[in-house]
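Comments concern the structure below.
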Amino acid sequence: MTKKSIAINLDLDEKNVQAIQEVAPDWEIFTGKDLEEEKLNQAEILLHWRESQAKKYRKSDNLKWVQSWSAGVDYLDLDYLKKNDIHLTSANGVHAYPISETIFAYMLGFTRLIHTYIRQQQEKKWHHANLKAEIHEKTIGIIGVGEIGKETAKIAQAFGMKVLGVRHSGRPLENVDEMYTPADLSLVLEQSDFVVVTLPLTKDTHHMFGKEQFAQMKNSAFFINIGRGPIVDESALISALQQKEIAGAGLDVFETEPLQSDSPLWEMENVIITPHSAGATEYYTNRVIHDIFIPNLKSYLDKGEPTINVFQHKLGY
């Protein structure tokens, strides 16, 4: 009888492989970023769906559960997974610390003009640049209060900021002073000094931010997007920045990635660009394996299904 198997599309170190093996001692574990088609077809559990190998997965009748290596799963063939009753779990929560730190790096960069001073340093230019802004006691609007949003809200409270949140349920949450639903987005935008997008990409969030939303923001407000690029109508954002409808933008994600070299965003002094790297952290692998995958694996072996970060097809996340 062929052993059940787990395929891991990564060059995972032996310590983590052993930790997984201890939970499933009777299972075979295949690892490597370029796994053979035979091993992919054999696997019942797949950790890290690689789009370049997707056709090989679809040839298998064995696949029962996919654990994504990322929080966002919009790049996957969701219809295929739903049609074939394949469980899908994400890496949601892994990024709460690094991405919240990136959000505040943008905010502090803008208020304390770090991005300006770095340019001046390259030019050996000694200039005050009219530094005066603070983030203390300002208002932050967090659009999508999931794990990243909750950590961002907690840090914002330490700066004495007023925290406004938006989430579907509208239910109150610790460290969020006022919670709203998406229907009341305009109320949040008009109050916020910083608008931070931490949403997943779904059919409801595609181009959620366009000309109308940027017009609702303060001229002095900064826009930050660490969710997904297509949540924002990029041409509308560029226009809002050029027309000074908003003060600046911190952007980690874009409609097309890598960001095209001819994009006006590259040359704007009031824009900070990072290459979809906000979630990078030295602890990424450990958190995915030990905080999400192994607990899910225990649940799968015990109950037949994972329980952490289970994708809800009706909600799109």
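Following the order of the structure tokens, first chain is A, next is B, and so on, with residues numbered from 1 inside each chain and ligands from 1 in the order they appear.
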
*Extract, using only C-alpha atoms, all DNA, RNA and protein residues at most 12 Å from Trp27 of chain A, discarding same-chain residues fewer than 3 positions from it, and format them as a ChimeraX atom specification.*
/A:2-7,17-18,20-24,30,42-45,297,301

_What's around segment 67-71 of chain A at 6 Å? Count only C-alpha atoms, leave out sequence neighbours fewer than 2 positions away in its own chain, and write the answer as a PyMOL selection string._
chain A and resi 47-48+88-92

Got time to write the residues from that selection, N, CA and C atoms, as a JSON list (two decimals), in the first residue's frame?
[["chain", "number", "residue", "atom", "x", "y", "z"],
["A", 47, "LEU", "N", 1.80, 21.92, 0.60],
["A", 47, "LEU", "CA", 2.19, 23.17, 1.26],
["A", 47, "LEU", "C", 2.90, 24.03, 0.23],
["A", 48, "HIS", "N", 2.26, 25.13, -0.11],
["A", 48, "HIS", "CA", 2.78, 26.12, -1.07],
["A", 48, "HIS", "C", 2.48, 25.74, -2.52],
["A", 88, "LEU", "N", -8.59, 24.71, 1.61],
["A", 88, "LEU", "CA", -7.58, 25.74, 1.39],
["A", 88, "LEU", "C", -7.40, 26.54, 2.67],
["A", 89, "THR", "N", -6.17, 26.65, 3.13],
["A", 89, "THR", "CA", -5.86, 27.48, 4.29],
["A", 89, "THR", "C", -4.75, 28.44, 3.92],
["A", 90, "SER", "N", -4.80, 29.62, 4.50],
["A", 90, "SER", "CA", -3.83, 30.67, 4.16],
["A", 90, "SER", "C", -2.80, 30.85, 5.28],
["A", 91, "ALA", "N", -1.86, 31.72, 5.03],
["A", 91, "ALA", "CA", -0.84, 32.06, 6.04],
["A", 91, "ALA", "C", -1.21, 33.37, 6.74],
["A", 92, "ASN", "N", -2.49, 33.65, 6.79],
["A", 92, "ASN", "CA", -2.95, 34.87, 7.46],
["A", 92, "ASN", "C", -2.45, 34.92, 8.90]]

*asked:* For Leu35 of chain A, find every residue with an atom within 12 Å (counting only C-alpha atoms), except residues of its own chain fewer than 4 positions away, and show them as a list in words.
replied: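 In the requested form, the answer reads Ile6, Ala7, Ile8, Asn9, Leu10, Asp11, Ile29, Phe30, Thr31, Lys39, Leu40, Asn41, Gln42, Ala43, Leu46, Leu47, His48, Trp49, Arg50, Ser52, Gln53, Ala54, Lys56 and Tyr57 of chain A.
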
How would the residues just chosen look if you wrote them out with N, CA and C atoms as an mmCIF file, in the first residue's frame?
data_model
loop_
_atom_site.group_PDB
_atom_site.id
_atom_site.type_symbol
_atom_site.label_atom_id
_atom_site.label_comp_id
_atom_site.auth_asym_id
_atom_site.auth_seq_id
_atom_site.Cartn_x
_atom_site.Cartn_y
_atom_site.Cartn_z
ATOM 1 N N ILE A 6 2.873 14.219 1.870
ATOM 2 C CA ILE A 6 2.796 15.682 1.917
ATOM 3 C C ILE A 6 3.858 16.217 0.975
ATOM 4 N N ALA A 7 3.464 17.075 0.056
ATOM 5 C CA ALA A 7 4.418 17.723 -0.855
ATOM 6 C C ALA A 7 4.619 19.161 -0.411
ATOM 7 N N ILE A 8 5.870 19.533 -0.232
ATOM 8 C CA ILE A 8 6.212 20.887 0.202
ATOM 9 C C ILE A 8 7.059 21.530 -0.888
ATOM 10 N N ASN A 9 6.488 22.498 -1.562
ATOM 11 C CA ASN A 9 7.158 23.141 -2.696
ATOM 12 C C ASN A 9 8.183 24.183 -2.264
ATOM 13 N N LEU A 10 9.040 23.799 -1.362
ATOM 14 C CA LEU A 10 10.070 24.690 -0.814
ATOM 15 C C LEU A 10 11.296 23.859 -0.475
ATOM 16 N N ASP A 11 12.429 24.536 -0.419
ATOM 17 C CA ASP A 11 13.641 23.893 0.090
ATOM 18 C C ASP A 11 13.649 24.078 1.604
ATOM 19 N N ILE A 29 7.152 12.626 3.233
ATOM 20 C CA ILE A 29 7.239 14.071 3.041
ATOM 21 C C ILE A 29 8.235 14.355 1.921
ATOM 22 N N PHE A 30 7.737 15.017 0.886
ATOM 23 C CA PHE A 30 8.590 15.404 -0.241
ATOM 24 C C PHE A 30 8.804 16.908 -0.182
ATOM 25 N N THR A 31 10.036 17.347 -0.308
ATOM 26 C CA THR A 31 10.330 18.779 -0.278
ATOM 27 C C THR A 31 11.197 19.178 -1.467
ATOM 28 N N LYS A 39 5.551 13.080 -7.659
ATOM 29 C CA LYS A 39 5.380 13.346 -6.228
ATOM 30 C C LYS A 39 4.244 14.333 -5.975
ATOM 31 N N LEU A 40 4.064 15.281 -6.888
ATOM 32 C CA LEU A 40 2.959 16.223 -6.763
ATOM 33 C C LEU A 40 1.626 15.503 -6.938
ATOM 34 N N ASN A 41 1.568 14.574 -7.891
ATOM 35 C CA ASN A 41 0.345 13.818 -8.147
ATOM 36 C C ASN A 41 -0.005 12.900 -6.989
ATOM 37 N N GLN A 42 1.008 12.441 -6.306
ATOM 38 C CA GLN A 42 0.810 11.486 -5.211
ATOM 39 C C GLN A 42 0.312 12.160 -3.941
ATOM 40 N N ALA A 43 0.641 13.437 -3.757
ATOM 41 C CA ALA A 43 0.411 14.111 -2.479
ATOM 42 C C ALA A 43 -1.064 14.335 -2.162
ATOM 43 N N LEU A 46 -0.675 19.582 0.157
ATOM 44 C CA LEU A 46 0.309 20.416 -0.539
ATOM 45 C C LEU A 46 0.552 21.690 0.251
ATOM 46 N N LEU A 47 1.801 21.925 0.603
ATOM 47 C CA LEU A 47 2.189 23.168 1.259
ATOM 48 C C LEU A 47 2.900 24.033 0.232
ATOM 49 N N HIS A 48 2.257 25.135 -0.115
ATOM 50 C CA HIS A 48 2.780 26.118 -1.069
ATOM 51 C C HIS A 48 2.477 25.744 -2.519
ATOM 52 N N TRP A 49 1.359 26.237 -2.995
ATOM 53 C CA TRP A 49 0.935 26.058 -4.394
ATOM 54 C C TRP A 49 1.781 26.950 -5.288
ATOM 55 N N ARG A 50 2.563 26.356 -6.159
ATOM 56 C CA ARG A 50 3.349 27.126 -7.129
ATOM 57 C C ARG A 50 2.593 27.169 -8.452
ATOM 58 N N SER A 52 3.437 27.882 -11.339
ATOM 59 C CA SER A 52 4.158 27.303 -12.475
ATOM 60 C C SER A 52 3.955 25.784 -12.577
ATOM 61 N N GLN A 53 3.531 25.157 -11.483
ATOM 62 C CA GLN A 53 3.326 23.712 -11.469
ATOM 63 C C GLN A 53 1.852 23.329 -11.364
ATOM 64 N N ALA A 54 0.982 24.327 -11.491
ATOM 65 C CA ALA A 54 -0.444 24.124 -11.229
ATOM 66 C C ALA A 54 -1.066 23.025 -12.087
ATOM 67 N N LYS A 56 0.173 20.333 -13.034
ATOM 68 C CA LYS A 56 0.524 19.031 -12.476
ATOM 69 C C LYS A 56 -0.410 18.686 -11.307
ATOM 70 N N TYR A 57 -0.751 19.690 -10.472
ATOM 71 C CA TYR A 57 -1.661 19.420 -9.363
ATOM 72 C C TYR A 57 -3.021 18.973 -9.894
#

*Looking at A:Ile289, A:Leu265, A:Ile142, A:Ile155, which one is nearest to Glu101 of chain A, with distances taken over only C-alpha atoms?*
A:Ile155

*Residue contacts of His207 of chain A (10 Å, only C-alpha atoms) excluding same-chain residues fewer than 4 positions away, as a VMD selection string*: chain A and resid 201 to 203 211 229 to 234 236 255

Write out the residues from the selection above, keeping N, CA and C atoms, as a CSV table (one decimal), in the first residue's frame.
chain,number,residue,atom,x,y,z
A,201,LEU,N,-7.8,40.9,-1.7
A,201,LEU,CA,-8.4,41.2,-3.0
A,201,LEU,C,-9.5,40.2,-3.2
A,202,THR,N,-10.7,40.8,-3.4
A,202,THR,CA,-11.9,40.0,-3.7
A,202,THR,C,-12.7,40.8,-4.8
A,203,LYS,N,-13.8,40.2,-5.3
A,203,LYS,CA,-14.6,40.9,-6.3
A,203,LYS,C,-15.2,42.2,-5.7
A,211,LYS,N,-11.2,57.5,-7.8
A,211,LYS,CA,-11.3,59.0,-7.8
A,211,LYS,C,-12.2,59.5,-6.7
A,229,GLY,N,-2.6,45.4,-5.0
A,229,GLY,CA,-2.6,46.5,-5.9
A,229,GLY,C,-3.9,46.8,-6.5
A,230,PRO,N,-4.6,45.7,-7.1
A,230,PRO,CA,-5.9,46.0,-7.8
A,230,PRO,C,-7.0,46.5,-6.9
A,231,ILE,N,-6.8,46.6,-5.6
A,231,ILE,CA,-7.8,47.3,-4.7
A,231,ILE,C,-7.9,48.7,-5.1
A,232,VAL,N,-6.8,49.3,-5.6
A,232,VAL,CA,-6.7,50.7,-6.0
A,232,VAL,C,-6.7,50.9,-7.5
A,233,ASP,N,-7.5,51.9,-7.9
A,233,ASP,CA,-7.4,52.3,-9.3
A,233,ASP,C,-6.1,53.2,-9.4
A,234,GLU,N,-5.0,52.6,-9.9
A,234,GLU,CA,-3.7,53.3,-9.9
A,234,GLU,C,-3.7,54.6,-10.6
A,236,ALA,N,-6.2,56.7,-10.9
A,236,ALA,CA,-6.9,57.6,-10.0
A,236,ALA,C,-5.9,58.1,-8.9
A,255,GLU,N,-1.0,47.5,-9.2
A,255,GLU,CA,-1.9,46.8,-10.2
A,255,GLU,C,-1.1,45.8,-11.0

*Skip Phe194 of chain A itself and residues of its chain fewer than 4 positions away, then list as an MDAnalysis selection string all residues within 7 Å of it, counting only C-alpha atoms.*
chainID A and resid 139:141 221:223

*Between atom CA of Tyr180 of chain A and atom CA of Gly279 of chain A, measure the distance and give it in Å to one decimal.*
25.9 Å

Using only C-alpha atoms, determine which residues lie at most 9 Å from His168 of chain A, disregarding the query and same-chain residues fewer than 3 positions distant; provide the list as a PDB file with N, CA, C and O atoms, in the first residue's frame.
ATOM      1  N   GLY A 144      -9.943  47.364   6.793  1.00  0.00           N
ATOM      2  CA  GLY A 144      -9.747  45.922   6.836  1.00  0.00           C
ATOM      3  C   GLY A 144      -9.022  45.538   8.111  1.00  0.00           C
ATOM      4  O   GLY A 144      -7.803  45.396   8.117  1.00  0.00           O
ATOM      5  N   ARG A 171     -18.317  45.024  14.040  1.00  0.00           N
ATOM      6  CA  ARG A 171     -18.251  44.758  15.476  1.00  0.00           C
ATOM      7  C   ARG A 171     -17.078  45.481  16.120  1.00  0.00           C
ATOM      8  O   ARG A 171     -15.998  45.569  15.526  1.00  0.00           O
ATOM      9  N   TYR A 180     -16.487  50.877  11.727  1.00  0.00           N
ATOM     10  CA  TYR A 180     -17.471  51.138  10.682  1.00  0.00           C
ATOM     11  C   TYR A 180     -17.569  49.925   9.753  1.00  0.00           C
ATOM     12  O   TYR A 180     -16.699  49.052   9.756  1.00  0.00           O
ATOM     13  N   THR A 181     -18.604  49.918   8.930  1.00  0.00           N
ATOM     14  CA  THR A 181     -18.728  48.914   7.873  1.00  0.00           C
ATOM     15  C   THR A 181     -18.296  49.562   6.554  1.00  0.00           C
ATOM     16  O   THR A 181     -18.191  50.797   6.468  1.00  0.00           O
ATOM     17  N   PRO A 182     -18.044  48.760   5.509  1.00  0.00           N
ATOM     18  CA  PRO A 182     -17.652  49.339   4.213  1.00  0.00           C
ATOM     19  C   PRO A 182     -18.642  50.369   3.676  1.00  0.00           C
ATOM     20  O   PRO A 182     -18.249  51.285   2.938  1.00  0.00           O
ATOM     21  N   ALA A 183     -19.915  50.256   4.053  1.00  0.00           N
ATOM     22  CA  ALA A 183     -20.919  51.216   3.581  1.00  0.00           C
ATOM     23  C   ALA A 183     -20.647  52.627   4.089  1.00  0.00           C
ATOM     24  O   ALA A 183     -21.087  53.610   3.484  1.00  0.00           O
TER      25      ALA A 183
END

*Can you check which residues of segment 66-310 of chain A DSSP gives as strand (DSSP E or B) on the backbone and send them as a ChimeraX atom specification?*
/A:66-67,87-89,139-143,162-166,178-180,194-197,209,222-225,232,248-251,271-273,310

*Residues near Glu267 of chain A, cut-off 12 Å, only C-alpha atoms, skip fewer than 6 positions along chain, as an MDAnalysis selection string*: chainID A and resid 119 238 241:242 261 273

*Provide the atom CA of Ser186 of chain A to atom CA of Gln216 of chain A distance in Å, to one decimal place.*
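Taking atom CA of Ser186 of chain A and atom CA of Gln216 of chain A, their separation equals 6.5 Å.
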
*Determine the nearest neighbour of Val253 of chain A from the options A:Ser235, A:Thr198, A:Asn286, A:Asn16, counting only C-alpha atoms.*
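Among the listed residues, the smallest separation from Val253 of chain A belongs to A:Thr198.
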
*Please, which residues of segment 180-229 of chain A, numbered as in this document, come out helix (DSSP H, G or I) from DSSP, as a ChimeraX atom specification?*
/A:182-189,211-216,229

Write the residues of the preceding selection, restricted to all heavy atoms, as a compact mmCIF listing (two decimals), in the first residue's frame.
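And here is the file that came out, selection.txt:
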# COMPACT_ATOMS: atom_id res chain seq x y z
N PRO A 182 -18.04 48.76 5.51
CA PRO A 182 -17.65 49.34 4.21
C PRO A 182 -18.64 50.37 3.68
O PRO A 182 -18.25 51.29 2.94
CB PRO A 182 -17.57 48.12 3.30
CG PRO A 182 -17.21 47.00 4.22
CD PRO A 182 -17.95 47.28 5.49
N ALA A 183 -19.92 50.26 4.05
CA ALA A 183 -20.92 51.22 3.58
C ALA A 183 -20.65 52.63 4.09
O ALA A 183 -21.09 53.61 3.48
CB ALA A 183 -22.31 50.77 4.03
N ASP A 184 -19.90 52.73 5.19
CA ASP A 184 -19.60 54.03 5.79
C ASP A 184 -18.14 54.44 5.56
O ASP A 184 -17.58 55.24 6.32
CB ASP A 184 -19.88 53.99 7.30
CG ASP A 184 -21.36 53.80 7.60
OD1 ASP A 184 -22.17 54.43 6.92
OD2 ASP A 184 -21.68 53.02 8.51
N LEU A 185 -17.53 53.90 4.51
CA LEU A 185 -16.13 54.19 4.23
C LEU A 185 -15.86 55.69 4.13
O LEU A 185 -14.85 56.19 4.62
CB LEU A 185 -15.71 53.50 2.92
CG LEU A 185 -14.28 53.75 2.43
CD1 LEU A 185 -13.26 53.26 3.44
CD2 LEU A 185 -14.06 53.08 1.07
N SER A 186 -16.75 56.43 3.51
CA SER A 186 -16.54 57.86 3.31
C SER A 186 -16.38 58.60 4.64
O SER A 186 -15.62 59.57 4.73
CB SER A 186 -17.70 58.48 2.51
OG SER A 186 -18.92 58.33 3.21
N LEU A 187 -17.08 58.15 5.67
CA LEU A 187 -16.98 58.78 6.99
C LEU A 187 -15.58 58.61 7.58
O LEU A 187 -15.08 59.49 8.28
CB LEU A 187 -18.03 58.20 7.95
CG LEU A 187 -19.50 58.38 7.56
CD1 LEU A 187 -20.40 57.69 8.57
CD2 LEU A 187 -19.83 59.86 7.46
N VAL A 188 -14.97 57.48 7.29
CA VAL A 188 -13.61 57.22 7.77
C VAL A 188 -12.60 58.04 6.97
O VAL A 188 -11.68 58.64 7.53
CB VAL A 188 -13.29 55.71 7.68
CG1 VAL A 188 -11.84 55.44 8.06
CG2 VAL A 188 -14.24 54.91 8.57
N LEU A 189 -12.78 58.08 5.66
CA LEU A 189 -11.83 58.78 4.79
C LEU A 189 -11.77 60.27 5.11
O LEU A 189 -10.68 60.86 5.14
CB LEU A 189 -12.19 58.57 3.32
CG LEU A 189 -12.16 57.12 2.81
CD1 LEU A 189 -12.51 57.08 1.34
CD2 LEU A 189 -10.79 56.49 3.06
N LYS A 211 -11.22 57.54 -7.85
CA LYS A 211 -11.30 59.01 -7.85
C LYS A 211 -12.19 59.53 -6.72
O LYS A 211 -11.82 60.49 -6.02
CB LYS A 211 -11.83 59.49 -9.20
CG LYS A 211 -11.91 60.99 -9.34
CD LYS A 211 -12.39 61.38 -10.73
CE LYS A 211 -12.46 62.91 -10.87
NZ LYS A 211 -12.92 63.31 -12.23
N GLU A 212 -13.34 58.92 -6.53
CA GLU A 212 -14.29 59.38 -5.52
C GLU A 212 -13.72 59.27 -4.11
O GLU A 212 -13.85 60.20 -3.30
CB GLU A 212 -15.57 58.55 -5.61
CG GLU A 212 -16.64 58.93 -4.59
CD GLU A 212 -17.87 58.05 -4.67
OE1 GLU A 212 -17.96 57.23 -5.61
OE2 GLU A 212 -18.75 58.19 -3.80
N GLN A 213 -13.05 58.16 -3.83
CA GLN A 213 -12.51 57.95 -2.49
C GLN A 213 -11.34 58.90 -2.19
O GLN A 213 -11.24 59.43 -1.08
CB GLN A 213 -12.06 56.49 -2.33
CG GLN A 213 -13.20 55.51 -2.20
CD GLN A 213 -14.02 55.36 -3.47
OE1 GLN A 213 -13.44 55.34 -4.58
NE2 GLN A 213 -15.33 55.25 -3.35
N PHE A 214 -10.47 59.14 -3.16
CA PHE A 214 -9.36 60.06 -2.92
C PHE A 214 -9.86 61.50 -2.74
O PHE A 214 -9.30 62.27 -1.97
CB PHE A 214 -8.33 59.96 -4.06
CG PHE A 214 -7.62 58.64 -4.09
CD1 PHE A 214 -7.69 57.82 -5.21
CD2 PHE A 214 -6.90 58.20 -3.00
CE1 PHE A 214 -7.06 56.59 -5.24
CE2 PHE A 214 -6.26 56.97 -3.01
CZ PHE A 214 -6.34 56.16 -4.13
N ALA A 215 -10.96 61.83 -3.42
CA ALA A 215 -11.56 63.16 -3.25
C ALA A 215 -12.14 63.34 -1.86
O ALA A 215 -12.22 64.47 -1.35
CB ALA A 215 -12.63 63.38 -4.31
N GLN A 216 -12.53 62.23 -1.23
CA GLN A 216 -13.10 62.30 0.12
C GLN A 216 -12.04 62.45 1.20
O GLN A 216 -12.36 62.83 2.33
CB GLN A 216 -13.94 61.04 0.38
CG GLN A 216 -15.21 60.96 -0.45
CD GLN A 216 -15.84 59.59 -0.44
OE1 GLN A 216 -15.24 58.61 0.03
NE2 GLN A 216 -17.05 59.48 -0.97
N GLY A 229 -2.57 45.35 -4.96
CA GLY A 229 -2.56 46.46 -5.90
C GLY A 229 -3.89 46.76 -6.54
O GLY A 229 -4.32 47.92 -6.60

*Give the answer as one residue: which of A:Glu245, A:Glu38, A:Glu137, A:Asp193 has the shortest atom-to-atom distance to Met107 of chain A, using only C-alpha atoms?*
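Of A:Glu245, A:Glu38, A:Glu137, A:Asp193, the one nearest Met107 of chain A, counting only C-alpha atoms, is A:Asp193.
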
_What's the separation between atom CA of Leu173 of chain A and atom CA of Gly149 of chain A, in Å to one decimal place?_
10.6 Å

*asked:* Measuring between only C-alpha atoms, which one of A:Trp65, A:Tyr283, A:His127, A:Tyr317 shows the shortest distance to Tyr300 of chain A?
replied: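 Checking each of A:Trp65, A:Tyr283, A:His127, A:Tyr317 against Tyr300 of chain A, counting only C-alpha atoms, the winner is A:Trp65.
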